[in-house]
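Peer 1: Encoded as structure tokens, here's the structure I'll be asking about.
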Amino acid sequence: MKKLSFLFVIMLTIAAFAGGPPPPITYTDLVYTGPGGVESLTGAVAIAEVADAPYGGEYINNQTVLIKITNVGDKSCIIKPFDKKTGSQDSIALFIEGGNPKKIQVDFGKSKGKGIIRYIYVDGKVGKILFKGLEEDVRKIVVNNSGDDKGVIIQNVSKKGAGIRSIYTTGKLKRAQSNHGGFGDLLGCGNGVIMIGEDSPKCQIKASPKGSIENILICKSVDTNAYSSYPYSEAYRECIASNEIVNTVIVGKIKKINTKAIGPAVIAVEVSSKIKEKQYGNKVKIAEPIVGKDNFVE
């Protein structure tokens, strides 16, 4: 750990014992409250670490700060603005490791916030991940929670219509909800993914009534050995081109997809609570192609 980061951890510990306000996270106008140590990285080192992160990582630019929080234990981890009145406009990537936190909350400011999250990786059986004050869709969320009986809840309550592009869980997903946005690549430049690594019979994927689920692959996993550098994107395109779920895509199980608009999409999950055939294209707006229609329509 760099000298600056080491000193920052000492400051954080002193502040906690003194009962005073937590010091800002270096290179940002955010603060962290919760257990563990905090390290901030920028520039080439941060770009390289995020690019090499699990499930393809993500591209970040020089303005994006990588925040690494370690030894979090089982308590809540909260990131929030240093000044609640002004909120935060930071662009960040986030790694959280070393425990099974009850809750992770990333708040850029409820009304003033204009934050951006390019990538978040959580190594542990986290109960809930909550986002507030985002200006744009969360690019990629990766949760290494294999073996978690309950599953993780992932929710974006940002009021600017921000949604979630991609979610990867190695274990169960209990609920994915975007209160004011949707899921997938809403710009149509590529595709999003919701990969649910373990069958989740209680899982619900819920978009805002004003949002949509589009340009997305929803599945259990993909045979990454069958593709090159971007297996989930290649698998999505192959399913769309052939109009079927190809054998390299592993089908999972969830409870419900709750949306007013869906497609283009590949639905490689068996949905137990299906929508009615009469709602398809009526109460639920459809944008073809939708591969795997029979998995969620009865």
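Chains: A, B, ... in order of the structure tokens. Residues: from 1 per chain. Ligands: from 1, in order shown.
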Could you name the residues that touch segment 202-207 of chain A at 10 Å or less, counting only C-alpha atoms, but leaving out those on the same chain fewer than 2 positions away, as a PyMOL selection string?
Peer 2: chain A and resi 150-156+163-164+172-183+194+196+199-200+209-213+253-262+271-273
Peer 1: I want to know what sits within 7 Å of segment 50-61 of chain A, based on only C-alpha atoms, with residues of the same chain fewer than 4 positions away left out; could you give that as an mmCIF file with all heavy atoms, in the first residue's frame?
Peer 2:
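Saved to around-v7.cif:
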```
data_model
loop_
_atom_site.group_PDB
_atom_site.id
_atom_site.type_symbol
_atom_site.label_atom_id
_atom_site.label_comp_id
_atom_site.auth_asym_id
_atom_site.auth_seq_id
_atom_site.Cartn_x
_atom_site.Cartn_y
_atom_site.Cartn_z
ATOM 1 N N ALA A 46 -4.698 2.692 -12.091
ATOM 2 C CA ALA A 46 -6.131 2.445 -11.917
ATOM 3 C C ALA A 46 -6.747 1.881 -13.189
ATOM 4 O O ALA A 46 -7.533 0.930 -13.152
ATOM 5 C CB ALA A 46 -6.837 3.742 -11.516
ATOM 6 N N ARG A 118 -18.341 3.334 -13.108
ATOM 7 C CA ARG A 118 -17.950 2.560 -14.282
ATOM 8 C C ARG A 118 -17.937 1.059 -14.001
ATOM 9 O O ARG A 118 -18.256 0.255 -14.877
ATOM 10 C CB ARG A 118 -16.555 2.994 -14.755
ATOM 11 C CG ARG A 118 -16.422 4.465 -15.059
ATOM 12 C CD ARG A 118 -17.193 4.853 -16.292
ATOM 13 N NE ARG A 118 -17.005 6.248 -16.635
ATOM 14 C CZ ARG A 118 -17.648 6.865 -17.616
ATOM 15 N NH1 ARG A 118 -18.526 6.205 -18.339
ATOM 16 N NH2 ARG A 118 -17.434 8.139 -17.861
ATOM 17 N N TYR A 119 -17.548 0.705 -12.771
ATOM 18 C CA TYR A 119 -17.371 -0.723 -12.458
ATOM 19 C C TYR A 119 -17.380 -0.877 -10.947
ATOM 20 O O TYR A 119 -16.817 -0.052 -10.223
ATOM 21 C CB TYR A 119 -16.040 -1.222 -13.027
ATOM 22 C CG TYR A 119 -15.735 -2.681 -12.772
ATOM 23 C CD1 TYR A 119 -16.056 -3.655 -13.715
ATOM 24 C CD2 TYR A 119 -15.115 -3.092 -11.590
ATOM 25 C CE1 TYR A 119 -15.769 -4.993 -13.486
ATOM 26 C CE2 TYR A 119 -14.827 -4.432 -11.361
ATOM 27 C CZ TYR A 119 -15.162 -5.372 -12.314
ATOM 28 O OH TYR A 119 -14.887 -6.696 -12.086
#
```
Peer 1: Would you give me, as a compact mmCIF listing (two decimals) with N, CA, C and O atoms, in the first residue's frame, the residues in segment 145-209 of chain A that DSSP reads as strand (DSSP E or B)?
Peer 2:
```
# COMPACT_ATOMS: atom_id res chain seq x y z
N VAL A 152 -28.13 -11.69 -3.42
CA VAL A 152 -27.91 -10.26 -3.25
C VAL A 152 -29.07 -9.46 -3.86
O VAL A 152 -29.64 -9.85 -4.88
N ILE A 153 -29.41 -8.36 -3.22
CA ILE A 153 -30.34 -7.38 -3.77
C ILE A 153 -29.52 -6.24 -4.35
O ILE A 153 -28.65 -5.68 -3.67
N ILE A 154 -29.78 -5.87 -5.60
CA ILE A 154 -29.09 -4.76 -6.26
C ILE A 154 -30.14 -3.75 -6.69
O ILE A 154 -31.04 -4.09 -7.47
N GLN A 155 -30.03 -2.52 -6.20
CA GLN A 155 -31.08 -1.53 -6.47
C GLN A 155 -30.47 -0.17 -6.77
O GLN A 155 -29.58 0.31 -6.07
N ASN A 156 -30.98 0.46 -7.84
CA ASN A 156 -30.57 1.81 -8.21
C ASN A 156 -31.78 2.73 -8.05
O ASN A 156 -32.76 2.61 -8.79
N ILE A 164 -29.05 0.30 -15.01
CA ILE A 164 -27.92 -0.60 -14.82
C ILE A 164 -27.68 -1.34 -16.13
O ILE A 164 -28.60 -1.93 -16.69
N ARG A 165 -26.45 -1.30 -16.60
CA ARG A 165 -26.15 -1.97 -17.86
C ARG A 165 -25.93 -3.47 -17.66
O ARG A 165 -26.56 -4.28 -18.33
N SER A 166 -25.03 -3.85 -16.77
CA SER A 166 -24.68 -5.27 -16.62
C SER A 166 -24.50 -5.66 -15.16
O SER A 166 -23.95 -4.89 -14.36
N ILE A 167 -24.97 -6.88 -14.85
CA ILE A 167 -24.80 -7.48 -13.53
C ILE A 167 -24.28 -8.90 -13.72
O ILE A 167 -24.81 -9.66 -14.53
N TYR A 168 -23.24 -9.25 -12.97
CA TYR A 168 -22.72 -10.62 -12.95
C TYR A 168 -22.66 -11.08 -11.50
O TYR A 168 -21.95 -10.48 -10.68
N THR A 169 -23.40 -12.13 -11.14
CA THR A 169 -23.29 -12.71 -9.81
C THR A 169 -22.86 -14.17 -9.97
O THR A 169 -23.42 -14.89 -10.79
N LEU A 173 -29.06 -14.22 -7.19
CA LEU A 173 -29.55 -12.84 -7.25
C LEU A 173 -30.96 -12.85 -6.68
O LEU A 173 -31.84 -13.55 -7.20
N LYS A 174 -31.19 -12.08 -5.63
CA LYS A 174 -32.52 -12.04 -5.02
C LYS A 174 -33.43 -11.04 -5.75
O LYS A 174 -34.59 -11.33 -6.05
N ARG A 175 -32.90 -9.85 -6.00
CA ARG A 175 -33.66 -8.85 -6.74
C ARG A 175 -32.73 -7.86 -7.40
O ARG A 175 -31.75 -7.42 -6.80
N ALA A 176 -33.04 -7.52 -8.65
CA ALA A 176 -32.37 -6.43 -9.35
C ALA A 176 -33.45 -5.42 -9.70
O ALA A 176 -34.40 -5.74 -10.42
N GLN A 177 -33.31 -4.19 -9.20
CA GLN A 177 -34.37 -3.20 -9.39
C GLN A 177 -33.77 -1.85 -9.77
O GLN A 177 -32.82 -1.37 -9.15
N SER A 178 -34.35 -1.25 -10.80
CA SER A 178 -33.97 0.09 -11.23
C SER A 178 -35.21 0.97 -11.10
O SER A 178 -36.13 0.89 -11.92
N PHE A 183 -32.60 -1.77 -17.64
CA PHE A 183 -31.44 -2.66 -17.65
C PHE A 183 -30.99 -2.88 -19.09
O PHE A 183 -31.82 -2.93 -20.01
N GLY A 184 -29.69 -3.04 -19.27
CA GLY A 184 -29.14 -3.30 -20.60
C GLY A 184 -28.49 -2.08 -21.19
O GLY A 184 -28.38 -1.03 -20.55
N GLY A 192 -26.00 -5.31 -22.79
CA GLY A 192 -25.79 -5.55 -21.38
C GLY A 192 -25.96 -7.02 -21.06
O GLY A 192 -26.34 -7.83 -21.91
N VAL A 193 -25.70 -7.36 -19.79
CA VAL A 193 -25.79 -8.75 -19.34
C VAL A 193 -26.36 -8.78 -17.93
O VAL A 193 -26.01 -7.94 -17.10
N ILE A 194 -27.25 -9.73 -17.66
CA ILE A 194 -27.56 -10.11 -16.29
C ILE A 194 -27.25 -11.59 -16.19
O ILE A 194 -27.99 -12.43 -16.70
N MET A 195 -26.10 -11.90 -15.59
CA MET A 195 -25.66 -13.28 -15.42
C MET A 195 -25.90 -13.68 -13.97
O MET A 195 -25.35 -13.06 -13.06
N ILE A 196 -26.73 -14.70 -13.77
CA ILE A 196 -27.09 -15.15 -12.43
C ILE A 196 -26.49 -16.54 -12.25
O ILE A 196 -27.03 -17.54 -12.71
N GLN A 204 -36.32 -11.52 -8.77
CA GLN A 204 -37.13 -10.65 -9.62
C GLN A 204 -36.23 -9.59 -10.25
O GLN A 204 -35.39 -9.00 -9.56
N ILE A 205 -36.43 -9.36 -11.54
CA ILE A 205 -35.75 -8.29 -12.25
C ILE A 205 -36.81 -7.25 -12.57
O ILE A 205 -37.75 -7.52 -13.31
N LYS A 206 -36.68 -6.07 -11.99
CA LYS A 206 -37.75 -5.08 -12.06
C LYS A 206 -37.24 -3.75 -12.59
O LYS A 206 -36.42 -3.09 -11.95
```
Peer 1: Mind checking which residues fall within 10 Å of Asn100 of chain A, counting only C-alpha atoms, ignoring those fewer than 2 positions away in the same chain, and posting them as a PyMOL selection string?
Peer 2: chain A and resi 71-76+96-98+102-103+122-127+145+148
Peer 1: Just to be explicit: take each residue in the selection above, keep all heavy atoms, and write the result as a tab-separated table (two decimals), in the first residue's frame.
Peer 2:
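Output file out17.tsv follows:
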```
chain	number	residue	atom	x	y	z
A	71	ASN	N	-11.02	-5.58	3.99
A	71	ASN	CA	-11.31	-6.02	5.35
A	71	ASN	C	-12.61	-5.42	5.89
A	71	ASN	O	-12.67	-4.87	6.98
A	71	ASN	CB	-10.14	-5.66	6.28
A	71	ASN	CG	-8.85	-6.32	5.86
A	71	ASN	OD1	-8.84	-7.48	5.46
A	71	ASN	ND2	-7.75	-5.58	5.94
A	72	VAL	N	-13.68	-5.58	5.10
A	72	VAL	CA	-14.95	-4.94	5.45
A	72	VAL	C	-15.79	-5.72	6.46
A	72	VAL	O	-16.75	-5.18	7.01
A	72	VAL	CB	-15.80	-4.68	4.18
A	72	VAL	CG1	-15.08	-3.71	3.26
A	72	VAL	CG2	-16.09	-6.00	3.44
A	73	GLY	N	-15.46	-6.98	6.68
A	73	GLY	CA	-16.21	-7.76	7.66
A	73	GLY	C	-17.67	-7.94	7.28
A	73	GLY	O	-18.00	-8.12	6.10
A	74	ASP	N	-18.56	-7.87	8.27
A	74	ASP	CA	-19.98	-8.11	8.01
A	74	ASP	C	-20.85	-6.88	8.30
A	74	ASP	O	-22.06	-6.99	8.42
A	74	ASP	CB	-20.48	-9.31	8.82
A	74	ASP	CG	-20.30	-9.12	10.32
A	74	ASP	OD1	-19.79	-8.07	10.75
A	74	ASP	OD2	-20.69	-10.04	11.08
A	75	LYS	N	-20.23	-5.72	8.41
A	75	LYS	CA	-20.98	-4.49	8.69
A	75	LYS	C	-21.35	-3.79	7.38
A	75	LYS	O	-21.01	-4.23	6.29
A	75	LYS	CB	-20.14	-3.55	9.56
A	75	LYS	CG	-19.66	-4.16	10.86
A	75	LYS	CD	-20.80	-4.55	11.78
A	75	LYS	CE	-20.30	-5.09	13.10
A	75	LYS	NZ	-21.39	-5.51	14.00
A	76	SER	N	-22.05	-2.67	7.49
A	76	SER	CA	-22.45	-1.88	6.32
A	76	SER	C	-21.31	-0.98	5.87
A	76	SER	O	-20.55	-0.46	6.70
A	76	SER	CB	-23.68	-1.03	6.64
A	76	SER	OG	-24.81	-1.85	6.85
A	96	ILE	N	-14.55	-3.88	-3.41
A	96	ILE	CA	-14.81	-4.11	-1.99
A	96	ILE	C	-14.54	-5.58	-1.69
A	96	ILE	O	-15.17	-6.46	-2.27
A	96	ILE	CB	-16.25	-3.72	-1.61
A	96	ILE	CG1	-16.46	-2.22	-1.84
A	96	ILE	CG2	-16.55	-4.10	-0.17
A	96	ILE	CD1	-17.85	-1.73	-1.50
A	97	GLU	N	-13.61	-5.82	-0.77
A	97	GLU	CA	-13.16	-7.19	-0.51
A	97	GLU	C	-12.94	-7.42	0.98
A	97	GLU	O	-12.82	-6.49	1.76
A	97	GLU	CB	-11.87	-7.47	-1.28
A	97	GLU	CG	-11.99	-7.27	-2.79
A	97	GLU	CD	-10.66	-7.39	-3.50
A	97	GLU	OE1	-9.95	-6.37	-3.58
A	97	GLU	OE2	-10.34	-8.49	-3.97
A	98	GLY	N	-12.91	-8.70	1.35
A	98	GLY	CA	-12.54	-9.06	2.71
A	98	GLY	C	-13.69	-9.14	3.68
A	98	GLY	O	-13.60	-8.62	4.80
A	102	LYS	N	-23.20	-6.49	5.19
A	102	LYS	CA	-24.66	-6.48	5.24
A	102	LYS	C	-25.23	-5.61	4.13
A	102	LYS	O	-26.21	-5.97	3.47
A	102	LYS	CB	-25.11	-5.98	6.61
A	102	LYS	CG	-26.62	-5.93	6.79
A	102	LYS	CD	-26.97	-5.43	8.18
A	102	LYS	CE	-28.48	-5.37	8.38
A	102	LYS	NZ	-28.82	-4.86	9.74
A	103	LYS	N	-24.60	-4.46	3.91
A	103	LYS	CA	-25.10	-3.51	2.92
A	103	LYS	C	-23.96	-2.67	2.38
A	103	LYS	O	-23.05	-2.30	3.12
A	103	LYS	CB	-26.16	-2.59	3.56
A	103	LYS	CG	-26.76	-1.54	2.65
A	103	LYS	CD	-27.77	-0.70	3.41
A	103	LYS	CE	-28.38	0.37	2.55
A	103	LYS	NZ	-29.36	1.21	3.31
A	122	VAL	N	-17.52	-6.72	-5.92
A	122	VAL	CA	-17.69	-7.07	-4.51
A	122	VAL	C	-17.34	-8.54	-4.35
A	122	VAL	O	-17.97	-9.41	-4.95
A	122	VAL	CB	-19.13	-6.82	-4.03
A	122	VAL	CG1	-19.25	-7.18	-2.55
A	122	VAL	CG2	-19.53	-5.36	-4.26
A	123	ASP	N	-16.33	-8.82	-3.54
A	123	ASP	CA	-15.91	-10.19	-3.29
A	123	ASP	C	-16.46	-10.62	-1.93
A	123	ASP	O	-15.82	-10.43	-0.90
A	123	ASP	CB	-14.38	-10.28	-3.30
A	123	ASP	CG	-13.90	-11.72	-3.20
A	123	ASP	OD1	-14.71	-12.64	-3.41
A	123	ASP	OD2	-12.71	-11.93	-2.92
A	124	GLY	N	-17.67	-11.17	-1.93
A	124	GLY	CA	-18.28	-11.59	-0.68
A	124	GLY	C	-19.78	-11.70	-0.81
A	124	GLY	O	-20.39	-11.26	-1.79
A	125	LYS	N	-20.40	-12.28	0.21
A	125	LYS	CA	-21.85	-12.52	0.21
A	125	LYS	C	-22.56	-11.30	0.79
A	125	LYS	O	-22.98	-11.28	1.94
A	125	LYS	CB	-22.16	-13.78	1.01
A	125	LYS	CG	-21.50	-15.03	0.44
A	125	LYS	CD	-21.70	-16.24	1.35
A	125	LYS	CE	-20.96	-17.46	0.81
A	125	LYS	NZ	-21.09	-18.63	1.70
A	126	VAL	N	-22.67	-10.28	-0.03
A	126	VAL	CA	-23.28	-9.02	0.39
A	126	VAL	C	-24.80	-9.14	0.37
A	126	VAL	O	-25.38	-9.80	-0.50
A	126	VAL	CB	-22.80	-7.86	-0.51
A	126	VAL	CG1	-23.11	-8.13	-1.97
A	126	VAL	CG2	-23.42	-6.54	-0.09
A	127	GLY	N	-25.46	-8.50	1.35
A	127	GLY	CA	-26.91	-8.54	1.41
A	127	GLY	C	-27.57	-7.64	0.39
A	127	GLY	O	-28.46	-8.06	-0.36
A	145	ASN	N	-20.43	-14.03	-5.00
A	145	ASN	CA	-21.19	-14.47	-3.82
A	145	ASN	C	-21.62	-15.94	-3.92
A	145	ASN	O	-22.68	-16.32	-3.41
A	145	ASN	CB	-22.43	-13.59	-3.63
A	145	ASN	CG	-23.43	-13.72	-4.78
A	145	ASN	OD1	-23.07	-14.08	-5.90
A	145	ASN	ND2	-24.69	-13.44	-4.51
A	148	ASP	N	-24.11	-18.31	-1.52
A	148	ASP	CA	-24.98	-17.51	-0.66
A	148	ASP	C	-26.43	-18.00	-0.81
A	148	ASP	O	-27.00	-17.95	-1.91
A	148	ASP	CB	-24.88	-16.04	-1.05
A	148	ASP	CG	-25.71	-15.13	-0.17
A	148	ASP	OD1	-26.27	-15.63	0.82
A	148	ASP	OD2	-25.80	-13.93	-0.47
```
Peer 1: Tell me which protein, DNA and RNA residues are within 8 Å of Phe95 of chain A, counting only C-alpha atoms, leaving out same-chain ones fewer than 5 positions away, and put them as a ChimeraX atom specification.
Peer 2: /A:66-69,120-122
Peer 1: Only N, CA, C and O atoms, please: the residues just picked out, written as a tab-separated table (two decimals), in the first residue's frame.
Peer 2:
```tsv
chain	number	residue	atom	x	y	z
A	66	LEU	N	-10.23	4.90	-8.86
A	66	LEU	CA	-10.46	3.55	-8.36
A	66	LEU	C	-10.37	3.58	-6.84
A	66	LEU	O	-9.33	3.93	-6.27
A	67	ILE	N	-11.46	3.22	-6.17
A	67	ILE	CA	-11.52	3.16	-4.72
A	67	ILE	C	-11.50	1.70	-4.30
A	67	ILE	O	-12.35	0.91	-4.73
A	68	LYS	N	-10.54	1.34	-3.44
A	68	LYS	CA	-10.41	-0.04	-2.97
A	68	LYS	C	-10.64	-0.07	-1.46
A	68	LYS	O	-9.93	0.61	-0.70
A	69	ILE	N	-11.64	-0.83	-1.05
A	69	ILE	CA	-11.97	-0.96	0.38
A	69	ILE	C	-11.76	-2.42	0.77
A	69	ILE	O	-12.33	-3.33	0.15
A	120	ILE	N	-18.04	-1.93	-10.46
A	120	ILE	CA	-17.97	-2.27	-9.04
A	120	ILE	C	-17.80	-3.77	-8.90
A	120	ILE	O	-18.51	-4.55	-9.53
A	121	TYR	N	-16.82	-4.15	-8.08
A	121	TYR	CA	-16.56	-5.56	-7.80
A	121	TYR	C	-16.66	-5.79	-6.30
A	121	TYR	O	-16.00	-5.11	-5.51
A	122	VAL	N	-17.52	-6.72	-5.92
A	122	VAL	CA	-17.69	-7.07	-4.51
A	122	VAL	C	-17.34	-8.54	-4.35
A	122	VAL	O	-17.97	-9.41	-4.95
```
Peer 1: Which is closer to Phe82 of chain A than all the others in A:Gly133, A:Pro101, A:Gly113, A:Pro23, using only C-alpha atoms?
Peer 2: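 Nearest candidate to Phe82 of chain A out of A:Gly133, A:Pro101, A:Gly113, A:Pro23: A:Pro23.
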